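In what follows, a single structure is set out as structure tokens and then discussed.
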Amino acid sequence: MTIRCIVVEDEPLAMDVMVDFINQVPFLKLEKTCTDALAAMKILNERKIDLIFLDIHLPKLKGLDFLSTLKNPPMVILTTAYHEFA
């Protein structure tokens with residue numbers, strides 16, 4: 001079983017850590033990365049995605065606000081670099 005995923009993260013270091021983690025897990029297939037929710041929306045409209053690694057604090061549209069716009073969201077793992085959001 002392969003889980004197709006995307007990473008939505010605006011911090012380059014956090015993005016690198018998540019991409020490295022995903023590449024070490026044999027059943028995860030990284031389809032795309034993006035730095036904001038609007039780009040993620042485009043990806044979700046173009047591809048079948050099973051899992052989103054979603055940063056809570058994003059530019060333009062916050063992660064939880066983005067999540068609330070999805071009618072049938074894939075599985076989601078919320079991520080954050082801020083301890084107050086954890």
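As shown in the structure tokens, the chain order sets the letters A, B, ...; within each chain, residues go from 1, and ligands are also counted from 1 in the order they appear.
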
>> Give me, as a list in words, all polymer residues having an atom no more than 12 Å from Asp50 (chain A), counting only C-alpha atoms and skipping those fewer than 5 positions away in the same chain.
In response: Met1, Thr2, Ile3, Arg4, Cys5, Ile6, Val7, Phe27, Leu28, Lys29, Leu30, Glu31, Ile43, Leu44, Asn72, Pro73, Pro74, Met75, Val76 and Ile77 of chain A

Would you write out those residues with C-alpha atoms, as a PDB file, in the first residue's frame?
ATOM      1  CA  MET A   1       0.000   0.000   0.000  1.00  0.00           C
ATOM      2  CA  THR A   2       1.304   3.427  -0.961  1.00  0.00           C
ATOM      3  CA  ILE A   3       0.115   6.641   0.673  1.00  0.00           C
ATOM      4  CA  ARG A   4       0.350   9.613  -1.681  1.00  0.00           C
ATOM      5  CA  CYS A   5       1.086  12.783   0.252  1.00  0.00           C
ATOM      6  CA  ILE A   6       1.850  16.466  -0.041  1.00  0.00           C
ATOM      7  CA  VAL A   7       3.609  18.845   2.321  1.00  0.00           C
ATOM      8  CA  PHE A  27       4.982   3.441   1.987  1.00  0.00           C
ATOM      9  CA  LEU A  28       4.865   7.249   1.655  1.00  0.00           C
ATOM     10  CA  LYS A  29       5.099   8.775  -1.823  1.00  0.00           C
ATOM     11  CA  LEU A  30       5.672  12.510  -1.890  1.00  0.00           C
ATOM     12  CA  GLU A  31       3.611  13.877  -4.762  1.00  0.00           C
ATOM     13  CA  ILE A  43      -2.670  20.133  -6.225  1.00  0.00           C
ATOM     14  CA  LEU A  44      -5.714  18.534  -4.575  1.00  0.00           C
ATOM     15  CA  ASN A  72     -13.784  15.581   1.447  1.00  0.00           C
ATOM     16  CA  PRO A  73     -10.315  16.152   2.860  1.00  0.00           C
ATOM     17  CA  PRO A  74      -7.697  13.432   2.804  1.00  0.00           C
ATOM     18  CA  MET A  75      -6.058  12.371   6.041  1.00  0.00           C
ATOM     19  CA  VAL A  76      -4.215  15.298   7.633  1.00  0.00           C
ATOM     20  CA  ILE A  77      -1.254  15.577   9.966  1.00  0.00           C
TER      21      ILE A  77
END

>> as a PyMOL selection string, please: the residues near region 53-58 of chain A (cut-off 9 Å, only C-alpha atoms, same-chain neighbours under 4 positions excluded).
In response: chain A and resi 5-10+18+35-37+62-65+67+75-82+85

Residues from the last selection, N, CA, C and O atoms, saved as a compact mmCIF listing (two decimals), in the first residue's frame:
# COMPACT_ATOMS: atom_id res chain seq x y z
N CYS A 5 1.19 11.65 -0.66
CA CYS A 5 1.09 12.78 0.25
C CYS A 5 1.66 14.06 -0.36
O CYS A 5 2.40 14.02 -1.34
N ILE A 6 1.27 15.17 0.26
CA ILE A 6 1.85 16.47 -0.04
C ILE A 6 2.26 17.12 1.27
O ILE A 6 1.74 16.76 2.34
N VAL A 7 3.19 18.05 1.17
CA VAL A 7 3.61 18.84 2.32
C VAL A 7 3.24 20.29 2.03
O VAL A 7 3.58 20.81 0.96
N VAL A 8 2.53 20.91 2.96
CA VAL A 8 2.19 22.32 2.85
C VAL A 8 2.88 23.03 4.00
O VAL A 8 2.47 22.94 5.15
N GLU A 9 3.97 23.73 3.68
CA GLU A 9 4.83 24.31 4.70
C GLU A 9 5.55 25.51 4.11
O GLU A 9 6.13 25.41 3.02
N ASP A 10 5.55 26.64 4.82
CA ASP A 10 6.19 27.85 4.30
C ASP A 10 7.61 28.07 4.83
O ASP A 10 8.33 28.92 4.33
N MET A 18 10.58 17.52 6.82
CA MET A 18 9.44 16.67 6.49
C MET A 18 9.69 15.86 5.21
O MET A 18 9.36 14.67 5.15
N THR A 35 4.14 25.95 -0.59
CA THR A 35 4.38 26.86 0.52
C THR A 35 3.15 27.60 1.00
O THR A 35 3.24 28.39 1.93
N ASP A 36 2.01 27.36 0.36
CA ASP A 36 0.79 28.00 0.84
C ASP A 36 -0.43 27.15 0.49
O ASP A 36 -0.37 26.24 -0.33
N ALA A 37 -1.54 27.46 1.14
CA ALA A 37 -2.76 26.67 1.00
C ALA A 37 -3.38 26.79 -0.39
O ALA A 37 -3.99 25.83 -0.88
N LYS A 62 -4.67 30.45 6.49
CA LYS A 62 -4.14 29.60 7.55
C LYS A 62 -4.52 28.14 7.32
O LYS A 62 -5.53 27.83 6.69
N GLY A 63 -3.69 27.23 7.86
CA GLY A 63 -3.89 25.80 7.64
C GLY A 63 -5.26 25.29 8.04
O GLY A 63 -5.91 24.57 7.29
N LEU A 64 -5.75 25.66 9.23
CA LEU A 64 -7.05 25.19 9.68
C LEU A 64 -8.19 25.80 8.87
O LEU A 64 -9.21 25.15 8.62
N ASP A 65 -8.03 27.05 8.45
CA ASP A 65 -9.04 27.67 7.59
C ASP A 65 -9.09 26.96 6.24
O ASP A 65 -10.16 26.71 5.69
N LEU A 67 -8.23 23.85 5.70
CA LEU A 67 -8.82 22.53 5.96
C LEU A 67 -10.34 22.60 6.01
O LEU A 67 -11.03 21.73 5.49
N MET A 75 -6.60 12.39 4.68
CA MET A 75 -6.06 12.37 6.04
C MET A 75 -5.12 13.57 6.19
O MET A 75 -4.49 13.99 5.21
N VAL A 76 -5.03 14.10 7.40
CA VAL A 76 -4.21 15.30 7.63
C VAL A 76 -3.38 15.10 8.89
O VAL A 76 -3.89 14.64 9.92
N ILE A 77 -2.12 15.47 8.80
CA ILE A 77 -1.25 15.58 9.97
C ILE A 77 -0.91 17.05 10.08
O ILE A 77 -0.30 17.62 9.17
N LEU A 78 -1.34 17.67 11.17
CA LEU A 78 -1.05 19.08 11.39
C LEU A 78 0.37 19.24 11.91
O LEU A 78 0.82 18.48 12.77
N THR A 79 1.05 20.23 11.38
CA THR A 79 2.43 20.50 11.79
C THR A 79 2.55 21.96 12.20
O THR A 79 1.79 22.80 11.74
N THR A 80 3.52 22.24 13.07
CA THR A 80 3.78 23.61 13.48
C THR A 80 5.16 23.72 14.10
O THR A 80 5.65 22.77 14.69
N ALA A 81 5.75 24.89 13.95
CA ALA A 81 7.03 25.17 14.60
C ALA A 81 6.80 25.96 15.89
O ALA A 81 7.75 26.24 16.62
N TYR A 82 5.56 26.31 16.17
CA TYR A 82 5.24 27.16 17.32
C TYR A 82 4.65 26.34 18.45
O TYR A 82 3.63 25.67 18.27
N PHE A 85 0.91 26.52 19.35
CA PHE A 85 -0.08 25.86 18.49
C PHE A 85 -0.08 24.35 18.65
O PHE A 85 -0.95 23.67 18.15

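Separating CA of Phe21 (chain A) from CA of Leu61 (chain A) is a distance of 25.3 Å.
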
> Mind checking DSSP for chain A and telling me the strand (DSSP E or B) residues as a list in words?
Replying inline: Ile3, Arg4, Cys5, Ile6, Val7, Val8, Leu28, Lys29, Leu30, Glu31, Lys32, Thr33, Cys34, Leu51, Ile52, Phe53, Leu54, Asp55, Met75, Val76, Ile77, Leu78 and Thr79 of chain A

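Between Ala39 (chain A) and the residues A:Glu11, A:Lys60, A:Ser68, A:Asp16, the shortest atom-to-atom distance, using only C-alpha atoms, involves A:Lys60.
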
> Which of chain A counts as alpha helix (DSSP H) under DSSP, as a PyMOL selection string please?
Replying inline: chain A and resi 12-24+37-46+63-69
